[in-house]
>>> print(open('start_28.txt').read())   # compact mmCIF, C-alpha atoms
# COMPACT_ATOMS: atom_id res chain seq x y z
CA MET A 1 36.00 106.38 138.48
CA ARG A 2 32.31 106.86 139.29
CA ALA A 3 31.34 104.96 136.15
CA TYR A 4 33.26 101.87 137.19
CA GLN A 5 33.42 101.86 140.98
CA ASP A 6 30.34 99.65 141.45
CA MET A 7 31.64 97.10 138.95
CA VAL A 8 35.10 97.03 140.56
CA PHE A 9 33.72 96.80 144.09
CA SER A 10 31.17 94.10 143.16
CA THR A 11 33.82 91.95 141.47
CA ALA A 12 36.21 92.27 144.40
CA ALA A 13 33.49 91.70 147.01
CA ARG A 14 32.19 88.53 145.34
CA LEU A 15 35.68 87.11 144.91
CA ALA A 16 36.97 88.08 148.35
CA GLY A 17 33.71 87.41 150.19
CA ASN A 18 34.53 90.32 152.45
CA ASP A 19 33.55 93.98 152.00
CA THR A 20 36.49 95.43 153.90
CA GLN A 21 38.98 93.50 151.76
CA ALA A 22 36.98 94.43 148.66
CA GLU A 23 37.29 98.11 149.48
CA ASP A 24 41.07 97.75 149.90
CA ILE A 25 41.27 95.93 146.57
CA ALA A 26 39.10 98.51 144.82
CA GLN A 27 41.29 101.30 146.17
CA GLU A 28 44.41 99.60 144.79
CA VAL A 29 42.70 99.03 141.42
CA PHE A 30 41.88 102.72 141.03
CA ILE A 31 45.37 103.76 142.10
CA ARG A 32 46.79 101.52 139.35
CA ALA A 33 44.25 102.97 136.93
CA TYR A 34 45.46 106.44 137.89
CA GLU A 35 49.04 105.39 137.13
CA HIS A 36 47.87 104.24 133.65
CA PHE A 37 45.48 107.13 133.20
CA SER A 38 47.05 108.38 129.97
CA ASP A 39 46.48 104.95 128.33
CA LEU A 40 43.03 104.36 129.79
CA ARG A 41 41.53 107.80 129.27
CA THR A 42 40.77 107.23 125.60
CA SER A 43 40.64 103.42 125.64
CA VAL A 44 37.37 101.70 124.83
CA THR A 45 38.57 98.66 126.78
CA ALA A 46 39.03 100.53 130.07
CA GLY A 47 36.19 98.54 131.66
CA GLY A 48 37.76 95.25 130.64
CA TRP A 49 41.16 96.40 131.90
CA LEU A 50 39.65 97.35 135.27
CA LYS A 51 37.79 94.02 135.50
CA THR A 52 40.95 92.03 134.76
CA VAL A 53 43.06 94.02 137.22
CA THR A 54 40.36 93.66 139.89
CA THR A 55 40.18 89.89 139.40
CA ASN A 56 43.96 89.49 139.48
CA LEU A 57 44.41 91.74 142.51
CA SER A 58 41.64 89.91 144.36
CA LEU A 59 43.30 86.56 143.68
CA ASN A 60 46.71 87.95 144.70
CA TYR A 61 45.18 89.37 147.87
CA LEU A 62 43.64 86.04 148.81
CA ASN A 63 46.76 84.10 147.86
CA ARG A 64 49.10 86.22 149.90
CA TYR A 65 48.30 84.48 153.16
CA ARG A 66 47.56 80.96 151.97
CA LYS A 67 50.39 80.43 149.47
CA ARG A 68 52.66 78.62 151.85
CA TRP A 69 49.89 76.24 152.84
CA ARG A 70 48.39 75.73 149.42
CA PHE A 71 50.46 72.65 148.61
CA PHE A 72 49.35 70.75 151.67
CA SER A 73 45.79 72.05 151.64
CA GLU A 74 45.31 70.74 148.13
CA MET A 75 46.61 67.28 148.99
CA ARG A 76 43.07 66.04 149.35
CA PRO A 77 42.16 62.42 149.96
CA ALA A 78 40.17 60.36 147.49
CA GLU A 79 36.92 62.00 148.62
CA ASP A 80 37.82 64.95 146.43
CA SER A 81 38.40 62.94 143.31
CA GLU A 82 36.23 63.17 140.23
CA SER A 83 34.46 59.90 140.98
CA GLU A 84 33.56 60.94 144.51
CA ALA A 85 31.66 64.10 143.68
CA PRO A 86 29.00 65.02 146.23
CA GLU A 87 25.72 63.18 145.87
CA MET A 88 22.69 65.45 145.67
CA ASP A 89 19.87 63.34 146.98
CA TRP A 90 17.48 66.25 147.42
CA GLU A 91 15.10 67.72 144.89
CA ILE A 92 16.66 70.36 142.65
CA PRO A 93 14.19 73.18 141.99
CA ASP A 94 13.64 74.44 138.44
CA THR A 95 14.23 78.01 139.54
CA ILE A 96 15.96 79.58 142.52
CA LEU A 97 14.81 82.84 144.11
CA ALA A 98 12.86 83.59 140.92
CA GLU A 99 10.00 85.19 142.86
CA LEU A 100 12.29 87.83 144.39
CA SER A 101 13.41 91.15 142.95
CA ALA A 102 16.93 91.48 141.56
CA GLU A 103 18.02 93.55 144.59
CA GLN A 104 16.70 90.95 147.03
CA ARG A 105 18.39 88.15 145.07
CA CYS A 106 21.62 90.13 145.05
CA ALA A 107 21.60 90.51 148.84
CA ILE A 108 20.86 86.81 149.41
CA VAL A 109 23.46 85.64 146.87
CA ASP A 110 26.19 87.87 148.30
CA GLU A 111 25.45 86.70 151.83
CA ALA A 112 25.52 83.06 150.70
CA LEU A 113 28.80 83.54 148.81
CA ARG A 114 30.38 84.98 151.94
CA GLN A 115 29.68 81.69 153.72
CA LEU A 116 31.54 79.54 151.21
CA PRO A 117 35.22 78.73 151.79
CA ASP A 118 37.71 80.44 149.45
CA HIS A 119 38.50 77.30 147.45
CA GLN A 120 34.82 76.93 146.52
CA ARG A 121 33.77 80.57 146.23
CA LEU A 122 36.62 81.62 143.91
CA PRO A 123 36.05 79.09 141.10
CA LEU A 124 32.26 79.45 141.43
CA VAL A 125 32.39 83.25 141.06
CA LEU A 126 34.88 83.03 138.19
CA TYR A 127 32.61 80.54 136.42
CA HIS A 128 29.19 82.08 137.00
CA PHE A 129 30.01 85.80 137.25
CA GLU A 130 33.17 86.21 135.17
CA ASP A 131 32.16 83.65 132.53
CA LEU A 132 35.52 81.85 132.57
CA SER A 133 35.72 78.24 131.44
CA TYR A 134 36.85 75.44 133.77
CA GLN A 135 40.18 75.36 131.94
CA GLU A 136 40.72 79.11 132.29
CA ILE A 137 39.88 78.97 135.99
CA ALA A 138 42.28 76.08 136.52
CA ILE A 139 45.06 78.08 134.88
CA LYS A 140 44.21 81.28 136.76
CA LEU A 141 44.12 79.56 140.14
CA ASN A 142 47.02 77.22 139.33
CA VAL A 143 44.94 74.21 140.33
CA SER A 144 44.21 70.98 138.47
CA LEU A 145 41.15 70.82 136.21
CA PRO A 146 39.46 67.91 138.08
CA LYS A 147 39.82 69.79 141.37
CA ILE A 148 38.23 72.90 139.87
CA LYS A 149 35.27 70.87 138.59
CA THR A 150 34.85 69.18 141.96
CA ASP A 151 35.13 72.45 143.88
CA ILE A 152 32.53 74.13 141.67
CA ARG A 153 30.15 71.20 142.07
CA ARG A 154 30.65 71.30 145.84
CA ALA A 155 30.17 75.05 145.83
CA ARG A 156 26.87 74.74 143.94
CA ALA A 157 25.72 72.02 146.32
CA ALA A 158 26.64 74.21 149.31
CA LEU A 159 25.13 77.33 147.80
CA LEU A 160 21.70 75.89 147.03
CA PRO A 161 20.51 75.41 150.66
CA LEU A 162 22.00 78.77 151.62
CA LEU A 163 20.02 80.48 148.85
CA GLN A 164 16.86 78.58 149.71
CA ASP A 165 17.24 79.46 153.41
CA GLY A 166 17.85 83.10 152.47
CA GLY A 167 14.80 83.10 150.20
CA ALA A 168 12.64 81.50 152.90
CA ALA A 169 13.83 84.01 155.49
CA ARG A 170 13.04 86.86 153.10
CA ASP A 171 9.56 85.45 152.46
CA THR A 172 8.96 85.25 156.22
CA LEU A 173 10.06 88.85 156.69
CA ASP A 174 7.95 90.06 153.79
CA GLY A 175 4.96 87.96 154.83
CA MET B 176 24.69 57.85 137.82
CA SER B 177 22.61 59.36 135.03
CA LYS B 178 20.20 60.80 137.60
CA HIS B 179 23.17 62.27 139.47
CA ILE B 180 24.46 63.96 136.30
CA ASP B 181 20.97 65.22 135.47
CA SER B 182 20.68 66.73 138.96
CA GLU B 183 24.03 68.47 138.56
CA GLN B 184 23.08 69.90 135.20
CA LYS B 185 19.73 71.02 136.52
CA LEU B 186 21.41 72.71 139.50
CA GLU B 187 23.93 74.42 137.21
CA ARG B 188 21.11 75.74 134.99
CA ALA B 189 19.02 76.92 137.95
CA LEU B 190 22.00 78.66 139.57
CA SER B 191 23.09 80.27 136.30
CA GLU B 192 19.57 81.62 135.95
CA ALA B 193 19.54 82.92 139.54
CA LEU B 194 22.98 84.53 139.30
CA LYS B 195 22.52 85.95 135.83
CA GLY B 196 21.71 89.63 135.58
CA LEU B 197 22.21 90.37 139.27
CA PRO B 198 22.67 94.11 139.79
CA LEU B 199 26.08 95.41 140.79
CA ARG B 200 26.66 96.11 144.41
CA ARG B 201 26.94 99.78 145.26
CA ALA B 202 30.50 100.76 146.17
CA PRO B 203 30.86 102.41 149.60
CA SER B 204 30.45 106.16 149.44
CA THR B 205 33.86 106.50 151.11
CA LEU B 206 35.73 104.73 148.28
CA GLU B 207 36.27 107.78 146.10
CA ALA B 208 37.55 109.84 149.03
CA ARG B 209 39.81 106.96 150.11
CA VAL B 210 41.38 106.69 146.66
CA ALA B 211 41.86 110.45 146.42
CA GLY B 212 43.39 110.53 149.91
CA GLU B 213 45.77 107.67 149.14
CA LEU B 214 46.85 109.30 145.87
CA GLU B 215 47.54 112.55 147.71
CA ARG B 216 49.46 110.72 150.40
CA ARG B 217 51.60 108.90 147.84
CA ALA B 218 52.19 112.08 145.86
CA ALA B 219 53.39 113.84 149.02
CA LEU B 220 56.01 111.19 149.77
CA PRO B 221 59.64 112.17 149.08
CA TRP B 222 61.22 110.31 146.16
CA TRP B 223 63.32 108.03 148.36
CA ARG B 224 60.17 106.71 150.08
CA VAL B 225 58.56 105.45 146.87
CA SER B 226 59.54 102.33 144.91
CA PHE B 227 62.77 102.34 142.90
CA ALA B 228 60.86 102.30 139.60
CA HIS B 229 59.45 105.75 140.39
CA TRP B 230 62.74 107.38 141.42
CA PRO B 231 64.05 110.25 139.27
CA ALA B 232 66.68 109.20 136.70
CA ALA B 233 69.69 110.83 138.40
CA PRO B 234 69.24 109.13 141.81
CA ARG B 235 68.60 105.79 140.06
CA VAL B 236 71.87 106.02 138.10
CA ALA B 237 73.72 107.18 141.21
CA PHE B 238 72.27 104.31 143.24
CA VAL B 239 73.36 101.72 140.66
CA ILE B 240 76.88 103.23 140.51
CA VAL B 241 77.17 103.23 144.31
CA CYS B 242 76.02 99.58 144.47
CA ILE B 243 78.55 98.52 141.83
CA ALA B 244 81.28 100.46 143.65
CA LEU B 245 80.39 98.79 146.96
CA VAL B 246 80.49 95.32 145.42
CA ALA B 247 83.79 96.08 143.70
CA ALA B 248 85.26 97.54 146.89
CA THR B 249 84.20 94.50 148.89
CA PHE B 250 85.68 92.14 146.35
CA LEU B 251 88.92 94.07 145.93
CA GLY B 252 89.19 94.56 149.70
CA GLY B 253 88.96 90.80 150.15
CA VAL B 254 91.60 90.20 147.50
CA PHE B 255 93.98 92.79 148.97
CA ALA B 256 93.46 91.47 152.48
CA PHE B 257 94.41 88.01 151.28
CA VAL B 258 97.32 88.99 149.08
CA GLY B 259 98.69 91.69 151.43
CA ASP B 260 102.19 92.76 150.43
CA ARG B 261 103.00 89.47 148.73
CA SER B 262 103.99 89.35 145.09
CA PHE B 263 101.59 87.92 142.56
CA ASN B 264 103.53 84.65 142.34
CA GLU B 265 103.57 84.25 146.12
CA ALA B 266 99.81 84.85 146.30
CA ALA B 267 99.15 82.36 143.52
CA ALA B 268 101.32 79.78 145.26
CA LEU B 269 99.43 80.39 148.51
CA VAL B 270 96.13 79.81 146.75
CA LEU B 271 97.42 76.64 145.12
CA SER B 272 98.72 75.39 148.47
CA TRP B 273 95.08 75.43 149.65
CA VAL B 274 93.61 74.10 146.44
CA GLN B 275 95.88 71.11 145.99
CA PRO B 276 95.09 69.38 149.34
CA PHE B 277 91.40 70.06 148.77
CA LEU B 278 91.54 68.43 145.32
CA ALA B 279 93.45 65.49 146.81
CA VAL B 280 90.77 64.97 149.48
CA MET B 281 88.02 65.14 146.85
CA ALA B 282 89.85 62.64 144.63
CA SER B 283 90.28 60.27 147.59
CA ALA B 284 86.58 60.53 148.46
CA GLY B 285 85.70 59.79 144.83
CA GLY B 286 87.99 56.76 144.89
CA VAL B 287 86.38 55.46 148.09
CA ALA B 288 82.90 55.93 146.58
CA ALA B 289 83.90 54.10 143.40
CA LEU B 290 85.38 51.26 145.48
CA LEU B 291 82.19 50.96 147.53
CA VAL B 292 80.05 50.84 144.38
CA ARG B 293 82.21 47.97 143.10
CA VAL B 294 82.25 46.06 146.40
CA ILE B 295 78.61 46.46 147.56
CA PRO B 296 76.08 44.29 145.68
CA PRO B 297 73.75 46.32 143.42
CA LEU B 298 70.73 44.93 145.27
CA TRP B 299 71.92 46.59 148.48
CA LEU B 300 72.48 49.88 146.70
CA TYR B 301 68.99 49.88 145.15
CA GLY B 302 67.49 48.72 148.44
CA GLY B 303 69.20 51.58 150.30
CA LEU B 304 68.02 54.05 147.69
CA GLY B 305 64.46 52.70 147.93
CA LEU B 306 64.56 52.88 151.72
CA GLY B 307 65.70 56.50 151.55
CA ILE B 308 62.83 57.37 149.20
CA MET B 309 60.33 55.55 151.44
CA LEU B 310 61.56 57.40 154.53
CA TYR B 311 61.33 60.71 152.68
CA LEU B 312 57.76 59.98 151.56
CA ALA B 313 56.78 58.83 155.06
CA LEU B 314 58.12 62.06 156.54
CA PHE B 315 56.31 64.05 153.87
CA GLY B 316 53.05 62.19 154.56
CA LEU B 317 53.41 62.77 158.30
CA GLY B 318 53.89 66.49 157.65
CA ALA B 319 50.79 66.61 155.46
CA ALA B 320 48.74 64.63 157.98
CA ALA B 321 49.88 66.88 160.83
CA TYR B 322 48.91 69.95 158.82
CA ARG B 323 45.48 68.53 158.00
CA LEU B 324 44.88 67.52 161.62
CA TYR B 325 46.16 70.54 163.50
CA LEU B 326 46.60 73.54 161.21
CA ARG B 327 44.19 73.46 158.28
CA PRO B 328 41.10 75.50 159.07
CA SER B 329 37.88 73.58 158.61
CA SER B 330 34.90 75.10 156.85
CA ALA B 331 31.25 74.31 156.41
CA GLY B 332 31.64 73.80 152.68
CA ASP B 333 34.13 70.98 153.15
CA VAL B 334 31.68 68.60 154.67
CA LEU B 335 29.21 68.77 151.85
>>> encode(input="start_28.txt", output="structure tokens")
Amino acid sequence: MRAYQDMVFSTAARLAGNDTQAEDIAQEVFIRAYEHFSDLRTSVTAGGWLKTVTTNLSLNYLNRYRKRWRFFSEMRPAEDSESEAPEMDWEIPDTILAELSAEQRCAIVDEALRQLPDHQRLPLVLYHFEDLSYQEIAIKLNVSLPKIKTDIRRARAALLPLLQDGGAARDTLDG
Amino acid sequence: MSKHIDSEQKLERALSEALKGLPLRRAPSTLEARVAGELERRAALPWWRVSFAHWPAAPRVAFVIVCIALVAATFLGGVFAFVGDRSFNEAAALVLSWVQPFLAVMASAGGVAALLVRVIPPLWLYGGLGLGIMLYLALFGLGAAAYRLYLRPSSAGDVL
């Protein structure tokens, strides 16, 4: 368990955007692992199994309370369509937070992810951290492919100023 | 448009670079103790407090037999209550005496519907059908609009 607990907790925390929920999810993951201990003990794919179970449990956890509203909440007006993707009229930097250490970047990224709404954070994390394709994310979240692309673009556009603000605040503190 | 796409690709590259290779977050030190505690708690539960899939074989078989017996008793009880001390033929006749009027009513309703379809012009029928669909969609749209206005939580990311 010690070998995998950071990976399980990190995955759950980035998907859920909430440490308390992530700890609940991680607990449930390890209880399921215990139930399958005889299969996992000698398996070389135990890490992959834990990652998949963590991702699925996190999505189930988040879905539990929004399922009944999902249909209406995804009836977006034309502003969400492919052609109406957010305009980014500001300068995009070549690098983001590159001058900071990995630990500092980690703290700023996790704080910024927490501020994104679920429908943007989930596809963004699945794309950038779990390396899933747009198509795989659409299937996993049971959402249309154009909506996934739009949500990820919106998430990136929302994340950039949060990361820059976090980086600037860190520079001020360090300076 | 091309500049917009370039900006998006540049942002995707920059973010991928920033998010790549981030260290894992350290799990809370309490996690291991929590898992151990929960496993102990679940192990201490009596078998009837855990899910059916984890019950011992004998109680599972017994439970299934009891359920089947209850369903059978309910069904047979209903049948006996209806039949009472009548003979089989009397009971069958009683059932038919209920079924026949019901079938007659259904046949009459079908006849009336067929007559209406013949008498009413097709345009009216299609118009009525279209009106029904429009009213349904309007109600559906009102429900969605009410949800968006009053119930859906807003978030900072939505306005970007």
>>> closest_residue(input="start_28.txt", among="B:Tyr325, B:Trp223, B:Trp299, B:Phe263", to="chain A", atoms="all atoms listed in the file")
B:Tyr325
>>> closest_atom_pairs(input="start_28.txt", of="chain A", to="chain B", cutoff="9 Å", atoms="all atoms listed in the file", output="Markdown table")
| residue | atom | partner | partner_atom | distance |
| --- | --- | --- | --- | --- |
| A:Met1 | CA | B:Glu207 | CA | 7.8 |
| A:Arg2 | CA | B:Glu207 | CA | 7.9 |
| A:Gln5 | CA | B:Ala202 | CA | 6.1 |
| A:Asp6 | CA | B:Ala202 | CA | 4.9 |
| A:Met7 | CA | B:Leu199 | CA | 6.1 |
| A:Val8 | CA | B:Ala202 | CA | 8.2 |
| A:Phe9 | CA | B:Ala202 | CA | 5.5 |
| A:Ser10 | CA | B:Arg200 | CA | 5.1 |
| A:Thr11 | CA | B:Leu199 | CA | 8.5 |
| A:Ala13 | CA | B:Arg200 | CA | 8.5 |
| A:Glu23 | CA | B:Leu206 | CA | 6.9 |
| A:Asp24 | CA | B:Leu206 | CA | 8.9 |
| A:Ala26 | CA | B:Leu206 | CA | 7.9 |
| A:Gln27 | CA | B:Val210 | CA | 5.4 |
| A:Glu28 | CA | B:Val210 | CA | 7.9 |
| A:Phe30 | CA | B:Val210 | CA | 6.9 |
| A:Ile31 | CA | B:Val210 | CA | 6.7 |
| A:Tyr34 | CA | B:Leu214 | CA | 8.6 |
| A:Trp69 | CA | B:Arg327 | CA | 8.4 |
| A:Phe72 | CA | B:Ala319 | CA | 5.8 |
| A:Ser73 | CA | B:Arg327 | CA | 7.0 |
| A:Met75 | CA | B:Ala319 | CA | 7.7 |
| A:Pro86 | CA | B:Leu335 | CA | 6.8 |
| A:Glu87 | CA | B:His179 | CA | 6.9 |
| A:Met88 | CA | B:His179 | CA | 7.0 |
| A:Asp89 | CA | B:His179 | CA | 8.3 |
| A:Glu91 | CA | B:Ser182 | CA | 8.2 |
| A:Ile92 | CA | B:Leu186 | CA | 6.2 |
| A:Pro93 | CA | B:Ala189 | CA | 7.3 |
| A:Asp94 | CA | B:Ala189 | CA | 5.9 |
| A:Thr95 | CA | B:Ala189 | CA | 5.2 |
| A:Ile96 | CA | B:Ala193 | CA | 5.7 |
| A:Leu97 | CA | B:Ala193 | CA | 6.6 |
| A:Ala98 | CA | B:Ala193 | CA | 6.9 |
| A:Ala102 | CA | B:Leu197 | CA | 5.9 |
| A:Glu103 | CA | B:Pro198 | CA | 6.7 |
| A:Arg105 | CA | B:Leu197 | CA | 7.3 |
| A:Cys106 | CA | B:Leu197 | CA | 5.8 |
| A:Ala107 | CA | B:Arg200 | CA | 8.8 |
| A:Val109 | CA | B:Leu194 | CA | 7.7 |
| A:Gln115 | CA | B:Ala331 | CA | 8.0 |
| A:Leu116 | CA | B:Gly332 | CA | 5.9 |
| A:Pro117 | CA | B:Gly332 | CA | 6.2 |
| A:Gln120 | CA | B:Gly332 | CA | 7.6 |
| A:His128 | CA | B:Ser191 | CA | 6.4 |
| A:Phe129 | CA | B:Leu194 | CA | 7.4 |
| A:Arg153 | CA | B:Glu183 | CA | 7.6 |
| A:Arg154 | CA | B:Leu335 | CA | 6.7 |
| A:Ala155 | CA | B:Gly332 | CA | 7.1 |
| A:Arg156 | CA | B:Leu186 | CA | 7.3 |
| A:Ala157 | CA | B:Leu335 | CA | 7.3 |
| A:Ala158 | CA | B:Gly332 | CA | 6.0 |
| A:Leu159 | CA | B:Gly332 | CA | 8.9 |
| A:Leu160 | CA | B:Leu190 | CA | 8.0 |
>>> atom_distance(input="start_28.txt", atom1="atom CA of Trp222 of chain B", atom2="atom CA of Pro234 of chain B")
9.2 Å
>>> atom_distance(input="start_28.txt", atom1="atom CA of Leu124 of chain A", atom2="atom CA of Ile108 of chain A")
15.7 Å
>>> axis_aligned_box(input="start_28.txt", around="segment 261-275 of chain B", padding_each_side="8 Å", output="JSON")
{"center_x": 98.8, "center_y": 80.3, "center_z": 146.0, "size_x": 26.4, "size_y": 34.4, "size_z": 23.3}
>>> atom_distance(input="start_28.txt", atom1="atom CA of Leu57 of chain A", atom2="atom CA of His36 of chain A")
15.7 Å
>>> closest_residue(input="start_28.txt", among="A:Ala112, A:Leu40, A:Leu122, A:Ala46", to="Ala16 of chain A", atoms="all atoms listed in the file")
A:Leu122
>>> closest_residue(input="start_28.txt", among="A:Leu100, A:Leu132, A:Leu162, A:Ala12", to="Leu62 of chain A", atoms="only C-alpha atoms")
A:Ala12
>>> closest_residue(input="start_28.txt", among="A:Ala138, A:Glu111, A:Leu126, A:His119", to="Asp151 of chain A", atoms="all atoms listed in the file")
A:His119
>>> residues_around(input="start_28.txt", residues="Arg14 of chain A", least_positions_apart="6", cutoff="8 Å", atoms="all atoms listed in the file", output="PyMOL selection string")
chain A and resi 110+113-114+125
>>> write_last_selection(input="start_28.txt", atoms="C-alpha atoms", output="mmCIF file, in the coordinates of the input")
data_model
loop_
_atom_site.group_PDB
_atom_site.id
_atom_site.type_symbol
_atom_site.label_atom_id
_atom_site.label_comp_id
_atom_site.auth_asym_id
_atom_site.auth_seq_id
_atom_site.Cartn_x
_atom_site.Cartn_y
_atom_site.Cartn_z
ATOM 1 C CA ASP A 110 26.190 87.870 148.300
ATOM 2 C CA LEU A 113 28.800 83.540 148.810
ATOM 3 C CA ARG A 114 30.380 84.980 151.940
ATOM 4 C CA VAL A 125 32.390 83.250 141.060
#
>>> residues_around(input="start_28.txt", residues="Ala266 of chain B", least_positions_apart="6", cutoff="9 Å", atoms="all atoms listed in the file", output="list of chain:residue names")
B:Phe257, B:Val258, B:Gly259
>>> closest_residue(input="start_28.txt", among="A:Leu163, A:Leu141, A:Ala3, A:Val53", to="Ala33 of chain A", atoms="all atoms listed in the file")
A:Val53
>>> closest_residue(input="start_28.txt", among="A:Pro146, A:Gly166, A:Gly17, A:Gly48", to="Glu130 of chain A", atoms="all atoms listed in the file")
A:Gly48
